file final-v2.txt (compact mmCIF, C-alpha atoms)
# COMPACT_ATOMS: atom_id res chain seq x y z
CA MET V 25 -29.19 -5.02 15.93
CA SER V 26 -27.62 -4.24 12.56
CA ASP V 27 -25.43 -6.79 10.79
CA PRO V 28 -21.71 -6.61 11.52
CA ILE V 29 -19.49 -4.79 9.05
CA THR V 30 -17.55 -7.05 6.67
CA LEU V 31 -14.41 -6.64 4.58
CA THR V 32 -16.67 -6.37 1.52
CA ASP V 33 -18.60 -3.49 3.13
CA LEU V 34 -15.32 -1.76 3.90
CA SER V 35 -14.00 -2.12 0.34
CA GLY V 36 -17.18 -0.54 -1.08
CA THR V 37 -16.94 2.36 1.35
CA TYR V 38 -13.25 2.86 0.63
CA ARG V 39 -13.91 2.99 -3.11
CA ARG V 40 -16.51 5.73 -2.65
CA VAL V 41 -14.64 7.79 -0.05
CA SER V 42 -11.23 7.71 -1.75
CA SER V 43 -12.70 8.63 -5.14
CA ARG V 44 -14.17 11.79 -3.60
CA ILE V 45 -10.86 12.83 -2.05
CA TYR V 46 -8.95 12.27 -5.28
CA ARG V 47 -11.51 14.18 -7.33
CA ILE V 48 -10.90 17.16 -5.07
CA LEU V 49 -7.16 16.58 -5.39
CA GLU V 50 -7.52 16.59 -9.17
CA ASP V 51 -9.34 19.92 -8.94
CA GLY V 52 -6.54 21.09 -6.63
CA TYR V 53 -3.98 20.35 -9.36
CA ASP V 54 -6.18 22.29 -11.76
CA PHE V 55 -6.47 25.43 -9.69
CA ALA V 56 -3.72 25.44 -7.08
CA VAL V 57 -1.20 28.20 -7.35
CA GLY V 58 0.78 26.87 -4.41
CA HIS V 59 1.42 23.41 -3.06
CA LEU V 60 -0.38 23.91 0.26
CA ILE V 61 -3.73 22.62 -0.96
CA ILE V 62 -2.10 19.64 -2.68
CA ASP V 63 -0.12 18.76 0.47
CA THR V 64 -3.24 19.09 2.62
CA LEU V 65 -5.30 16.88 0.32
CA ASN V 66 -2.52 14.30 0.14
CA LEU V 67 -2.47 14.23 3.94
CA ASP V 68 -6.25 13.76 3.92
CA ALA V 69 -5.82 10.80 1.60
CA LEU V 70 -3.07 9.32 3.78
CA ILE V 71 -5.17 9.63 6.94
CA VAL V 72 -8.16 7.97 5.24
CA ASP V 73 -5.90 5.15 3.98
CA ALA V 74 -4.44 4.65 7.48
CA ALA V 75 -7.93 4.64 9.00
CA PHE V 76 -9.04 1.97 6.56
CA PHE V 77 -5.94 -0.07 7.36
CA VAL V 78 -7.03 -0.02 11.02
CA LEU V 79 -10.61 -0.98 10.07
CA ILE V 80 -9.42 -3.78 7.78
CA PHE V 81 -7.22 -5.17 10.52
CA GLY V 82 -10.19 -4.95 12.90
CA GLN V 83 -11.96 -7.53 10.72
CA LEU V 84 -9.01 -9.91 10.99
CA GLU V 85 -8.75 -9.30 14.72
CA GLN V 86 -12.43 -10.14 15.13
CA ARG V 87 -11.92 -13.41 13.24
CA VAL V 88 -8.97 -14.27 15.52
CA ASN V 89 -11.00 -13.39 18.62
CA ASP V 90 -13.94 -15.59 17.56
CA LEU V 91 -11.59 -18.47 16.94
CA ALA V 92 -9.78 -18.06 20.25
CA MET V 93 -13.06 -17.87 22.18
CA ARG V 94 -14.39 -20.98 20.49
CA CYS V 95 -11.53 -22.93 22.04
CA PHE V 96 -13.18 -22.33 25.43
CA ASP V 97 -16.81 -23.05 24.60
CA GLY V 98 -18.66 -23.88 27.80
CA ASP V 99 -15.93 -22.49 30.04
CA ASN V 100 -17.07 -18.95 30.76
CA ARG V 101 -14.21 -18.11 33.09
CA SER V 102 -11.57 -18.99 30.50
CA ARG V 103 -13.52 -17.19 27.80
CA GLN V 104 -13.59 -14.10 30.00
CA ALA V 105 -9.86 -14.34 30.59
CA MET V 106 -9.24 -14.80 26.87
CA ARG V 107 -11.34 -11.74 26.05
CA GLY V 108 -9.03 -9.62 28.19
CA ALA V 109 -5.81 -11.27 27.03
CA LYS V 110 -3.21 -9.51 24.90
CA PHE V 111 -3.59 -9.91 21.17
CA GLU V 112 -0.47 -12.13 20.92
CA LYS V 113 -2.02 -14.56 23.38
CA ARG V 114 -5.36 -14.64 21.56
CA LEU V 115 -3.47 -15.20 18.32
CA GLU V 116 -1.50 -18.10 19.80
CA VAL V 117 -4.70 -19.78 20.94
CA ALA V 118 -6.53 -19.15 17.66
CA LEU V 119 -3.67 -20.25 15.40
CA PRO V 120 -1.69 -22.77 17.41
CA GLY V 121 1.48 -24.72 16.71
CA LEU V 122 4.13 -24.85 14.03
CA ARG V 123 1.58 -25.19 11.25
CA TYR V 124 0.40 -21.61 11.78
CA LYS V 125 3.73 -20.07 12.78
CA VAL V 126 4.14 -18.06 9.56
CA LEU V 127 0.52 -16.92 9.47
CA ARG V 128 0.75 -15.94 13.16
CA LYS V 129 3.85 -13.89 12.46
CA GLU V 130 2.23 -12.07 9.56
CA VAL V 131 -0.96 -11.26 11.46
CA SER V 132 1.14 -10.12 14.40
CA GLN V 133 3.11 -7.74 12.15
CA TRP V 134 -0.16 -6.31 10.83
CA TYR V 135 -1.15 -5.72 14.44
CA ASP V 136 2.04 -3.72 15.07
CA ILE V 137 1.46 -1.51 12.04
CA ARG V 138 -2.18 -1.08 12.94
CA SER V 139 -1.17 0.05 16.43
CA ASP V 140 1.16 2.71 15.01
CA ALA V 141 -1.65 4.14 12.90
CA ALA V 142 -4.37 3.73 15.53
CA HIS V 143 -2.32 5.54 18.18
CA GLY V 144 -1.75 8.49 15.89
CA GLU V 145 1.98 8.03 15.48
CA ARG V 146 3.49 9.83 12.57
CA PHE V 147 2.82 7.87 9.41
CA ALA V 148 6.14 6.51 8.23
CA TYR V 149 4.53 4.87 5.22
CA GLY V 150 1.84 5.31 2.67
CA TYR V 151 -0.70 2.55 2.12
CA ASN V 152 -1.82 0.91 -1.08
CA VAL V 153 -5.23 -0.04 0.23
CA ALA V 154 -6.10 -2.10 -2.88
CA THR V 155 -3.38 -4.71 -2.21
CA VAL V 156 -4.04 -4.49 1.54
CA PHE V 157 -7.67 -5.51 0.89
CA GLU V 158 -6.57 -8.35 -1.40
CA ARG V 159 -4.22 -9.73 1.25
CA ALA V 160 -6.78 -9.21 4.03
CA PHE V 161 -9.31 -11.33 2.11
CA GLU V 162 -6.64 -14.04 1.69
CA LEU V 163 -5.69 -13.95 5.38
CA ASP V 164 -9.34 -13.97 6.36
CA GLU V 165 -9.81 -17.10 4.28
CA LEU V 166 -6.76 -18.76 5.87
CA VAL V 167 -8.05 -17.99 9.36
CA ARG V 168 -11.53 -19.20 8.36
CA ARG V 169 -9.95 -22.47 7.21
CA GLN V 170 -8.31 -22.89 10.61
CA SER V 171 -11.78 -22.39 12.02
CA GLY V 172 -12.90 -25.39 9.93
CA ASP V 173 -9.83 -27.40 11.01
CA ALA V 174 -10.57 -26.62 14.65
CA SER V 175 -14.16 -27.83 14.24
CA SER V 176 -13.14 -31.08 12.61
CA ASP V 177 -10.54 -31.59 15.39
CA GLY V 178 -13.40 -31.38 17.87
CA VAL V 179 -12.28 -28.06 19.35
CA MET A 19 6.66 -35.75 7.69
CA ALA A 20 7.21 -31.99 7.88
CA THR A 21 4.29 -29.90 9.09
CA GLU A 22 2.76 -27.90 6.27
CA GLN A 23 3.07 -24.20 7.05
CA VAL A 24 0.07 -21.99 6.45
CA GLY A 25 0.53 -18.45 5.22
CA ILE A 26 3.81 -18.48 3.29
CA SER A 27 3.52 -16.01 0.48
CA ASP A 28 5.52 -13.75 -1.80
CA ASN A 29 2.96 -11.08 -1.23
CA ILE A 30 3.75 -7.37 -1.54
CA VAL A 31 1.69 -6.51 1.54
CA SER A 32 3.38 -9.16 3.68
CA ALA A 33 6.81 -8.19 2.36
CA THR A 34 6.40 -4.46 2.98
CA ILE A 35 4.88 -4.96 6.42
CA ALA A 36 7.73 -7.31 7.39
CA GLU A 37 10.28 -4.78 6.12
CA SER A 38 8.68 -2.03 8.16
CA ARG A 39 9.12 -4.04 11.35
CA ASP A 40 12.84 -4.77 10.72
CA LYS A 41 15.46 -2.42 12.07
CA PRO A 42 16.57 -0.45 9.01
CA ASN A 43 20.21 -0.17 8.02
CA LYS A 44 21.93 2.26 5.67
CA LYS A 45 23.05 -0.39 3.22
CA HIS A 46 19.55 -1.74 2.72
CA VAL A 47 17.94 1.71 2.49
CA LEU A 48 20.53 2.81 -0.08
CA ALA A 49 19.98 -0.37 -2.12
CA ARG A 50 16.23 0.29 -2.09
CA LEU A 51 16.73 3.91 -3.19
CA ARG A 52 19.05 2.92 -6.05
CA ASP A 53 16.58 0.28 -7.18
CA TRP A 54 13.77 2.86 -6.99
CA GLN A 55 15.74 5.30 -9.11
CA ALA A 56 16.48 2.61 -11.72
CA ARG A 57 12.82 1.51 -11.89
CA VAL A 58 11.45 5.05 -12.18
CA HIS A 59 13.95 6.05 -14.85
CA ALA A 60 13.25 2.83 -16.79
CA LEU A 61 9.55 3.71 -16.64
CA TYR A 62 10.25 7.17 -18.08
CA ASP A 63 12.44 5.65 -20.81
CA ALA A 64 9.60 3.30 -21.79
CA VAL A 65 7.08 6.17 -21.94
CA GLN A 66 9.41 8.37 -23.98
CA LYS A 67 10.17 5.52 -26.37
CA THR A 68 6.51 4.86 -27.03
CA LEU A 69 5.54 8.52 -27.48
CA GLY A 70 8.47 9.18 -29.76
CA SER A 71 9.59 12.43 -31.34
CA ASP A 72 6.15 14.07 -31.50
CA TYR A 73 6.80 15.26 -27.97
CA ALA A 74 9.62 17.04 -26.12
CA TYR A 75 10.96 15.73 -22.82
CA ASP A 76 12.43 17.62 -19.92
CA ARG A 77 14.01 15.65 -17.10
CA SER A 78 16.03 18.50 -15.62
CA GLY A 79 13.88 18.70 -12.49
CA ASN A 80 14.61 16.17 -9.83
CA GLN A 81 13.55 15.02 -6.44
CA GLU A 82 15.30 13.28 -3.58
CA SER A 83 13.61 11.15 -0.97
CA ALA A 84 13.22 12.58 2.51
CA GLU A 85 11.04 9.69 3.61
CA ASP A 86 11.00 8.47 7.17
CA MET A 87 13.20 5.46 6.37
CA VAL A 88 15.94 7.71 4.95
CA GLN A 89 15.83 9.86 8.06
CA ARG A 90 15.82 6.89 10.41
CA VAL A 91 19.17 5.62 9.11
CA ARG A 92 20.53 9.19 8.91
CA LEU A 93 21.59 8.81 5.33
CA ASP A 94 23.78 11.63 4.11
CA PRO A 95 21.53 13.68 1.76
CA ALA A 96 24.38 13.82 -0.75
CA LYS A 97 24.22 10.03 -1.04
CA VAL A 98 20.48 9.86 -1.68
CA PRO A 99 19.98 9.04 -5.38
CA LYS A 100 18.03 11.79 -7.12
CA LEU A 101 14.98 10.90 -9.16
CA ASP A 102 14.08 12.75 -12.32
CA ILE A 103 10.76 14.50 -12.68
CA LEU A 104 9.59 13.90 -16.24
CA ARG A 105 7.81 16.73 -18.02
CA ILE A 106 6.33 15.95 -21.41
CA GLU A 107 5.60 18.84 -23.73
CA GLN A 108 3.94 19.34 -27.07
CA ASP A 109 4.04 22.61 -29.00
CA GLY A 110 5.67 24.24 -25.99
CA LYS A 111 2.90 23.24 -23.59
CA ALA A 112 3.19 20.72 -20.76
CA VAL A 113 0.88 17.77 -21.42
CA ALA A 114 2.03 15.42 -18.68
CA THR A 115 4.27 15.47 -15.62
CA PHE A 116 5.53 12.40 -13.77
CA VAL A 117 6.36 13.05 -10.12
CA PRO A 118 7.78 10.28 -7.88
CA ARG A 119 5.56 10.31 -4.79
CA GLY A 120 7.15 7.77 -2.46
CA LEU A 121 8.93 4.45 -2.20
CA TRP A 122 7.99 3.11 1.23
CA ILE A 123 4.34 2.13 1.01
CA ILE A 124 2.54 -0.71 2.77
CA GLY A 125 1.36 -2.87 -0.12
CA ALA A 126 3.42 -1.31 -2.90
CA ASN A 127 6.98 -0.86 -4.13
CA GLY A 128 6.64 2.84 -4.82
CA ARG A 129 4.24 5.30 -6.40
CA VAL A 130 4.60 7.89 -9.14
CA ASP A 131 1.88 10.49 -9.70
CA VAL A 132 1.07 11.53 -13.25
CA ILE A 133 -0.63 14.85 -13.82
CA ILE A 134 -2.04 15.09 -17.32
CA THR A 135 -3.31 18.14 -19.17
CA PRO A 136 -5.23 16.50 -22.01
CA ARG A 137 -6.06 18.27 -25.25
CA SER A 138 -9.71 18.09 -24.23
CA GLY A 139 -8.95 20.42 -21.30
CA GLY A 140 -8.78 20.28 -17.51
CA ARG A 141 -6.29 18.24 -15.54
CA ARG A 142 -6.35 14.59 -14.64
CA LEU A 143 -4.46 12.75 -11.98
CA PHE A 144 -3.32 9.16 -12.28
CA MET A 145 -1.14 7.10 -10.01
CA LEU A 146 1.35 4.50 -11.14
CA ILE A 147 1.87 1.95 -8.40
CA ASP A 148 4.52 -0.76 -8.56
CA HIS A 149 3.26 -4.12 -7.30
CA SER A 150 6.68 -5.83 -7.56
CA LEU A 151 8.41 -7.13 -4.45
CA PRO A 152 11.15 -4.91 -2.97
CA LEU A 153 14.47 -5.44 -4.75
CA SER A 154 12.98 -7.89 -7.21
CA SER A 155 14.38 -7.68 -10.71
CA GLU A 156 11.27 -6.54 -12.59
CA SER A 157 8.68 -3.82 -12.04
CA ASP A 158 4.97 -4.49 -12.15
CA TRP A 159 3.52 -1.02 -12.76
CA ARG A 160 -0.21 -0.59 -12.37
CA ILE A 161 -2.25 2.43 -13.37
CA VAL A 162 -4.77 3.74 -10.89
CA ARG A 163 -7.54 6.18 -11.60
CA PRO A 164 -8.58 8.18 -8.55
CA SER A 165 -12.22 7.30 -9.24
CA ASP A 166 -11.53 3.66 -8.40
CA GLN A 167 -8.39 3.07 -6.44
CA LEU A 168 -9.19 -0.55 -5.79
CA HIS A 169 -8.96 -1.33 -9.51
CA GLN A 170 -5.27 -1.46 -10.44
CA PRO A 171 -4.80 -2.84 -13.98
CA PRO A 172 -1.32 -3.17 -15.56
CA PHE A 173 0.15 0.03 -16.96
CA LEU A 174 0.97 -0.32 -20.65
CA PRO A 175 3.38 2.44 -21.78
CA GLU A 176 2.35 1.87 -25.40
CA ARG A 177 -1.17 3.06 -24.53
CA PHE A 178 -0.07 6.13 -22.58
CA GLY A 179 -0.60 8.39 -25.61
CA GLU A 180 -4.37 7.72 -25.39
CA LEU A 181 -4.49 9.51 -22.03
CA LEU A 182 -3.17 12.68 -23.64
CA GLU A 183 -6.07 12.95 -26.12
call {"tool": "encode", "arguments": {"input": "final-v2.txt", "output": "structure tokens"}}
result
Amino acid sequence: MSDPITLTDLSGTYRRVSSRIYRILEDGYDFAVGHLIIDTLNLDALIVDAAFFVLIFGQLEQRVNDLAMRCFDGDNRSRQAMRGAKFEKRLEVALPGLRYKVLRKEVSQWYDIRSDAAHGERFAYGYNVATVFERAFELDELVRRQSGDASSDGV
Amino acid sequence: MATEQVGISDNIVSATIAESRDKPNKKHVLARLRDWQARVHALYDAVQKTLGSDYAYDRSGNQESAEDMVQRVRLDPAKVPKLDILRIEQDGKAVATFVPRGLWIIGANGRVDVIITPRSGGRRLFMLIDHSLPLSSESDWRIVRPSDQLHQPPFLPERFGELLE
């Protein structure tokens, strides 16, 4: 089986894919007599950005899932139930208590935005994927740290 | 002892995501639009100042936001602050055009596209992306080349002239 995709893999792919779209857009500005091609290419870029937002969040979601499942090591029935639980529930188990309240809220808000994009709702926003990656790496590290805390607490 | 909270941050991504989940109101949207207008016009002023009188400037074109947030609060179009489009000319030819692209962006406080027609020929597209927090007092403009959007170094108006070569 191939290795799982990481945030670092995604950032490399995004760099390559987005540069191609914007090179075409640049050519569009060079040759376009109307705005149709520019608008179409800008929409292409927006859809790619939204898709990467969904993929980036998927990495965070996977980290949360792993952490939530680890809380039920050896209890297959509970692990099964957790696997099918709503994201909010998995998040609560993975990042419990007051200590993680703010982090939980932020990850939960990412989930809402990700759902809008994933379900094809009209994009109300653009995305600056560069800062989204930066924050995703930070959040990933914070969740990883909780993973360490949970281990040292004997979870 | 108080429990240490994990995750508190003045981060542009967190701030813009949180804003997007709040129910918008007219007062806030209008404040954001006025701030956007002030930041964009200050950016133009800085560019014009650094390029000086070797160039001519045309800011007669303008643009008003029709973004989703503006529509959601049903803001009267007459109340939406208009943003200038900056056209820079030399010897009667356009060498650069600044076009505000959008304010509400996850992970940014607005984006302005810059289309440059350098003396060496062709056209080049750059993006200026503001990394400042919404309604913070100072802008943090970054310049982004389409070839590497993940690299967003600070935009220095005093070096803008180099892009026109």
call {"tool": "interface_residues", "arguments": {"input": "final-v2.txt", "of": "chain V", "to": "chain A", "cutoff": "6 Å", "atoms": "only C-alpha atoms", "output": "ChimeraX atom specification"}}
result
/V:39,43,46,50,54,123-124,126-127,148-152,154-156
call {"tool": "atom_distance", "arguments": {"input": "final-v2.txt", "atom1": "CA of Phe76 in chain V", "atom2": "CA of Val117 in chain V"}}
result
26.4 Å
call {"tool": "atom_distance", "arguments": {"input": "final-v2.txt", "atom1": "CA of Ile137 in chain V", "atom2": "CA of Thr32 in chain V"}}
result
21.5 Å
call {"tool": "atom_distance", "arguments": {"input": "final-v2.txt", "atom1": "CA of Arg87 in chain V", "atom2": "CA of Glu162 in chain V"}}
result
12.7 Å
call {"tool": "residues_near_point", "arguments": {"input": "final-v2.txt", "point": "(12.7, 13.4, -9.4)", "cutoff": "10 Å", "atoms": "only C-alpha atoms", "output": "ChimeraX atom specification"}}
result
/A:55,58-59,77-83,99-104,116-119,130
call {"tool": "residues_around", "arguments": {"input": "final-v2.txt", "residues": "Lys45 in chain A", "least_positions_apart": "3", "cutoff": "12 Å", "atoms": "all atoms listed in the file", "output": "PyMOL selection string"}}
result
chain A and resi 41-42+48-52+87-88+91-93+97-98
call {"tool": "closest_residue", "arguments": {"input": "final-v2.txt", "among": "V:Asp164, V:Glu158, V:Glu112, V:Asp68", "to": "Arg44 in chain V", "atoms": "all atoms listed in the file"}}
result
V:Asp68
call {"tool": "closest_residue", "arguments": {"input": "final-v2.txt", "among": "A:Val162, A:Leu146, A:Ala56, A:Val113", "to": "Ser42 in chain V", "atoms": "only C-alpha atoms"}}
result
A:Val162
call {"tool": "axis_aligned_box", "arguments": {"input": "final-v2.txt", "around": "range 55-62 of chain A", "padding_each_side": "4 Å", "output": "JSON"}}
result
{"center_x": 13.0, "center_y": 4.3, "center_z": -13.6, "size_x": 14.9, "size_y": 13.7, "size_z": 17.0}
call {"tool": "closest_residue", "arguments": {"input": "final-v2.txt", "among": "V:Leu115, V:Ala105, V:Ala141, V:Leu31", "to": "Ala74 in chain V", "atoms": "all atoms listed in the file"}}
result
V:Ala141
call {"tool": "closest_residue", "arguments": {"input": "final-v2.txt", "among": "V:Ile61, V:Ala92, V:Ile48, V:Arg40", "to": "Gly108 in chain V", "atoms": "all atoms listed in the file"}}
result
V:Ala92
call {"tool": "residues_around", "arguments": {"input": "final-v2.txt", "residues": "Ser71 in chain A", "least_positions_apart": "6", "cutoff": "12 Å", "atoms": "all atoms listed in the file", "output": "MDAnalysis selection string"}}
result
chainID A and resid 65 106:109
call {"tool": "build_atoms", "arguments": {"input": "final-v2.txt", "residues": "range 56-91 of chain A", "atoms": "N, CA and C atoms", "output": "tab-separated table (two decimals), in the frame of the given file"}}
result
chain	number	residue	atom	x	y	z
A	56	ALA	N	16.36	3.37	-10.47
A	56	ALA	CA	16.48	2.61	-11.72
A	56	ALA	C	15.09	2.28	-12.29
A	57	ARG	N	14.16	1.89	-11.42
A	57	ARG	CA	12.82	1.51	-11.89
A	57	ARG	C	12.06	2.72	-12.44
A	58	VAL	N	12.17	3.84	-11.73
A	58	VAL	CA	11.45	5.05	-12.18
A	58	VAL	C	12.02	5.55	-13.51
A	59	HIS	N	13.34	5.57	-13.61
A	59	HIS	CA	13.95	6.05	-14.85
A	59	HIS	C	13.66	5.10	-16.02
A	60	ALA	N	13.60	3.80	-15.74
A	60	ALA	CA	13.25	2.83	-16.79
A	60	ALA	C	11.80	3.05	-17.24
A	61	LEU	N	10.95	3.41	-16.30
A	61	LEU	CA	9.55	3.71	-16.64
A	61	LEU	C	9.48	4.92	-17.57
A	62	TYR	N	10.22	5.97	-17.24
A	62	TYR	CA	10.25	7.17	-18.08
A	62	TYR	C	10.77	6.82	-19.49
A	63	ASP	N	11.84	6.03	-19.51
A	63	ASP	CA	12.44	5.65	-20.81
A	63	ASP	C	11.39	4.94	-21.68
A	64	ALA	N	10.61	4.06	-21.04
A	64	ALA	CA	9.60	3.30	-21.79
A	64	ALA	C	8.52	4.23	-22.33
A	65	VAL	N	8.11	5.21	-21.51
A	65	VAL	CA	7.08	6.17	-21.94
A	65	VAL	C	7.61	7.03	-23.10
A	66	GLN	N	8.82	7.51	-22.94
A	66	GLN	CA	9.41	8.37	-23.98
A	66	GLN	C	9.57	7.60	-25.30
A	67	LYS	N	9.96	6.34	-25.16
A	67	LYS	CA	10.17	5.52	-26.37
A	67	LYS	C	8.84	5.34	-27.12
A	68	THR	N	7.80	5.11	-26.38
A	68	THR	CA	6.51	4.86	-27.03
A	68	THR	C	5.89	6.13	-27.60
A	69	LEU	N	6.12	7.27	-26.96
A	69	LEU	CA	5.54	8.52	-27.48
A	69	LEU	C	6.35	9.07	-28.66
A	70	GLY	N	7.63	8.80	-28.62
A	70	GLY	CA	8.47	9.18	-29.76
A	70	GLY	C	8.74	10.67	-29.90
A	71	SER	N	9.08	11.08	-31.12
A	71	SER	CA	9.59	12.43	-31.34
A	71	SER	C	8.49	13.48	-31.54
A	72	ASP	N	7.24	13.08	-31.41
A	72	ASP	CA	6.15	14.07	-31.50
A	72	ASP	C	6.12	14.96	-30.26
A	73	TYR	N	6.82	14.53	-29.24
A	73	TYR	CA	6.80	15.26	-27.97
A	73	TYR	C	8.23	15.65	-27.58
A	74	ALA	N	8.31	16.66	-26.68
A	74	ALA	CA	9.62	17.04	-26.12
A	74	ALA	C	9.65	16.60	-24.66
A	75	TYR	N	10.84	16.28	-24.18
A	75	TYR	CA	10.96	15.73	-22.82
A	75	TYR	C	11.95	16.55	-22.01
A	76	ASP	N	11.55	16.86	-20.81
A	76	ASP	CA	12.43	17.62	-19.92
A	76	ASP	C	12.57	16.84	-18.61
A	77	ARG	N	13.78	16.40	-18.35
A	77	ARG	CA	14.01	15.65	-17.10
A	77	ARG	C	15.00	16.40	-16.22
A	78	SER	N	15.03	17.73	-16.38
A	78	SER	CA	16.03	18.50	-15.62
A	78	SER	C	15.62	18.67	-14.15
A	79	GLY	N	14.32	18.61	-13.89
A	79	GLY	CA	13.88	18.70	-12.49
A	79	GLY	C	14.13	17.38	-11.80
A	80	ASN	N	14.47	17.45	-10.53
A	80	ASN	CA	14.61	16.17	-9.83
A	80	ASN	C	14.18	16.27	-8.38
A	81	GLN	N	14.12	15.10	-7.79
A	81	GLN	CA	13.55	15.02	-6.44
A	81	GLN	C	14.37	14.01	-5.65
A	82	GLU	N	14.62	14.30	-4.38
A	82	GLU	CA	15.30	13.28	-3.58
A	82	GLU	C	14.44	12.91	-2.38
A	83	SER	N	14.49	11.65	-2.04
A	83	SER	CA	13.61	11.15	-0.97
A	83	SER	C	14.01	11.70	0.39
A	84	ALA	N	13.00	12.19	1.11
A	84	ALA	CA	13.22	12.58	2.51
A	84	ALA	C	12.29	11.74	3.37
A	85	GLU	N	12.00	10.53	2.90
A	85	GLU	CA	11.04	9.69	3.61
A	85	GLU	C	11.59	9.27	4.97
A	86	ASP	N	10.67	8.83	5.80
A	86	ASP	CA	11.00	8.47	7.17
A	86	ASP	C	12.17	7.47	7.25
A	87	MET	N	12.16	6.50	6.35
A	87	MET	CA	13.20	5.46	6.37
A	87	MET	C	14.59	6.07	6.15
A	88	VAL	N	14.66	7.04	5.25
A	88	VAL	CA	15.94	7.71	4.95
A	88	VAL	C	16.41	8.47	6.19
A	89	GLN	N	15.47	9.09	6.86
A	89	GLN	CA	15.83	9.86	8.06
A	89	GLN	C	16.21	8.95	9.22
A	90	ARG	N	15.54	7.80	9.30
A	90	ARG	CA	15.82	6.89	10.41
A	90	ARG	C	17.26	6.35	10.39
A	91	VAL	N	17.79	6.13	9.18
A	91	VAL	CA	19.17	5.62	9.11
A	91	VAL	C	20.18	6.77	8.97
